[in-house]
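Working notes, structure below.
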Amino acid sequence: MFKMVKKLWVIVALLYLNPSQALVVGSLSAPSRQAITTFPTGVSNNEMLGFAAFEGGFILTDANTTVAFDAYFPVSYLMNMRGGILNLDVDMKLSNSFTAFVSTGTINGNGYSLITPSSQEFPFIMAMDTPNVLIYDNHLQLATTNNSVDWSISDAYNVVGVNQTTPGIYILQFNPTTFAITQVTTANTPGNCSSTRWHPTLYYVAAANQTTGAGSVQTYLFSPSASSLTLQANLTTGTNAFAVSWHPTGNYLAVGFSNGISVYSFNSSTGALTLLSSDVQAQAVSMNALTWSGDGKYVVAGYATAASFNELRVDSFNGSTLTPVSSFRIGATVNACEWNPSADYISVGLNTGIVNTLRMFQFSRSTNTLTDLTNAHTGDTNTVLGINWSPDGQSIVIVLPTPTAQTVRIYNFNPYAQVQSLVSENTLAPNGLGSIRWSRGGVFVLTGDLEVEGNFASYYTASVPYYLINLKIVMNSNMAIYGQPTFQGNCVIDGNGYTLNIASAQSFIINTGSTLQLKNVNLYGVAGNTSALDGIIAATPSFFDSTGVLQLRDMTWTQTADYTFLNGAFTIQGDVLFTGTSNFIYSSTQTSTINSNSTLMFDNFMTFSYAPSTLLLGSSSLNSLLVLTDNTSNLHILNTTLYISTTGLQLTKGNLIVEGLCSVLSAATNSSQGIFIGDGALAANDLTTMILAESGLNVQSGFVVYQNV
């Protein structure tokens, strides 16, 4: 009894007497209901203990916070890890009232499980990992106030619009490895540049300008090889132009003026702009407060405030005509607004003088209404001049115009609870910030400086991987993963038949010497292509190096685009189905295996390309990297195209099952590069080829060498 009292006293002391030391919440004898709990930084023995029910969730102060979970009850509401470390000493179950992970860090499972809720499609990570804008990676001082910044395709270049005419536009290049910044070229503009945006797929730049009594809109063509920026189109307008925004297809350009908005068609061959439609209003559109919905069917604009004027306005667009459909009276100037890239939420930044200067609106397409989500109010009172969604639509970064303790803030938005949660705040620049853009890959942010003393274009790291170590995730509903999860040690995702959506994951990495088992799950959103310009882009899942292993067990692999399996190896256990209408390219030089009593099946209209990389010197036997363990191992192709590179392919043991009309294409120029059936030495290595009823195998090119004994 004395020992128990002593332990309880120690817990109380840790809780109340010295908050700078470790925080232990809970008891091994008495149950307690905890409100949201914040664990302190800089100590390694914070603990969630025993009978404590964390009904308000918990927060880790920062990346230097470590906490151990050794509690018996489920965790509710939220986990906000802010880059810290969570160690599981028992299984952690998340209750059905759990809202989301607000941000992430490292979860060290120690072989225990994280068990997800069953009440909804659960967003496992509601963040671009742990979005935390760090100190300067580098910055470059320009001539004057930087009104607008943006990233090019592939994040290769940046455009900065400044408050002057000679030049009005700068093109910069940022090296993400060395953090060096190069000024590539500039262009003069007819007026002070208010806003500039890079075309979504081409090296075109659009600019809006202010001049006395009139404004103008331009398109410029950038040539990387010549390091030149060439004027393509120049439209002089009767009013100042303050904002530009490309349609998601790049076929149209929206422009905000001092009297409303207009949409122009864009000729990608000439750069010409042709006016299609306008929505004339009595107030001016704010700088950069103009953006399209993710599907390009709507455009939202933010205006200066005036009596009885609705400052937030939405127009529909049918390819030729703008139609006003909704507006909302806020009572403050809308400095910035941006439509979520994947949902009908609009983040809005307002002038000071009103409570809650950062707001979230929801647009209803069925009723054409805008709703101010009061649950998402953050309490900000400083003027918000710049807003940008992360590429996955989970996080919002904002900039403030004056030096404060919160010059740059990142919030995560939870669409289920419709709340915003602060995950990062930093003073990062010596002056106020007026514009900000997340890189298209989500790894960096670029800011433009408002102050005469500085005028920096500044780059910051905004995204780092989060680590899941020796962790088992048990799914009880459909689940989505975002950001850069890195699986380390031996990890398992047990889907229980649900769908794991990785389409929005920036990466999905299996670390050096690590294994990830995907079990009883529909893995959706597999994609990743090779490109001469970009290398591997959006490759999910992927491997840090050749030592990682992906175990696929009784699951479905759903591709949404071509995918290159570049490194590492996979194993097949049970029945595994690859489906989609795209190409699975086996480019690894490691050996993958179809185990005993197991089947790898390629579904209708898939292409299985066996093309191990020949760039890796010292590799041998590249034609035998797909191993069928024994005569119970099956490679089943259904209306599938089988492509073989010049490495050839040798299949031994097991069964090749052909169903439907399947084709074989080979790049072989001689028989040594062909497809080998068996090894010509041992009957035990013979491959059985089974062509099912009403099926056929059409060998369209190359060589097939029959070597069964």
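Chain lettering (A, B, ...) mirrors the order of the structure tokens, residue numbering begins at 1 for each chain separately, and ligand numbering begins at 1 in order of display.
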
For this session: List the neighbours of stretch 584-596 of chain A out to 7 Å using only C-alpha atoms; skip same-chain residues closer than 2 positions along the sequence, and give me the result as a VMD selection string.
Result: chain A and resid 546 562 to 573 582 598 to 600 607 to 613 622 625 to 630 632 to 633

Wanna dump the stretch 142-253 of chain A-stretch 386-402 of chain A contacts at 12 Å for me, each residue with its shortest atom pair and the distance in Å to one decimal, counting only C-alpha atoms, ordered by chain and number, as a Markdown table?
```
| residue | atom | partner | partner_atom | distance |
| --- | --- | --- | --- | --- |
| A:Thr145 | CA | A:Pro401 | CA | 11.9 |
| A:Asn146 | CA | A:Gly386 | CA | 12.0 |
| A:Asn147 | CA | A:Gly386 | CA | 9.9 |
| A:Ser148 | CA | A:Gly386 | CA | 9.2 |
| A:Val149 | CA | A:Gly386 | CA | 10.3 |
| A:Asp150 | CA | A:Asn388 | CA | 10.6 |
| A:Ser195 | CA | A:Gly386 | CA | 11.9 |
```

Problem set entry | Nearest to A:Tyr298 by atom-to-atom distance, counting only C-alpha atoms, from A:Leu322, A:Ala100, A:Ala667, A:Ala282 | A:Leu322

Exercise. Just asking: which residues within stretch 326-413 of chain A are strand (DSSP E) according to DSSP, as an NGL selection string?
Worked result: :A and (326-328 or 334-339 or 345-350 or 358-364 or 369-372 or 386-389 or 395-399 or 408-413)
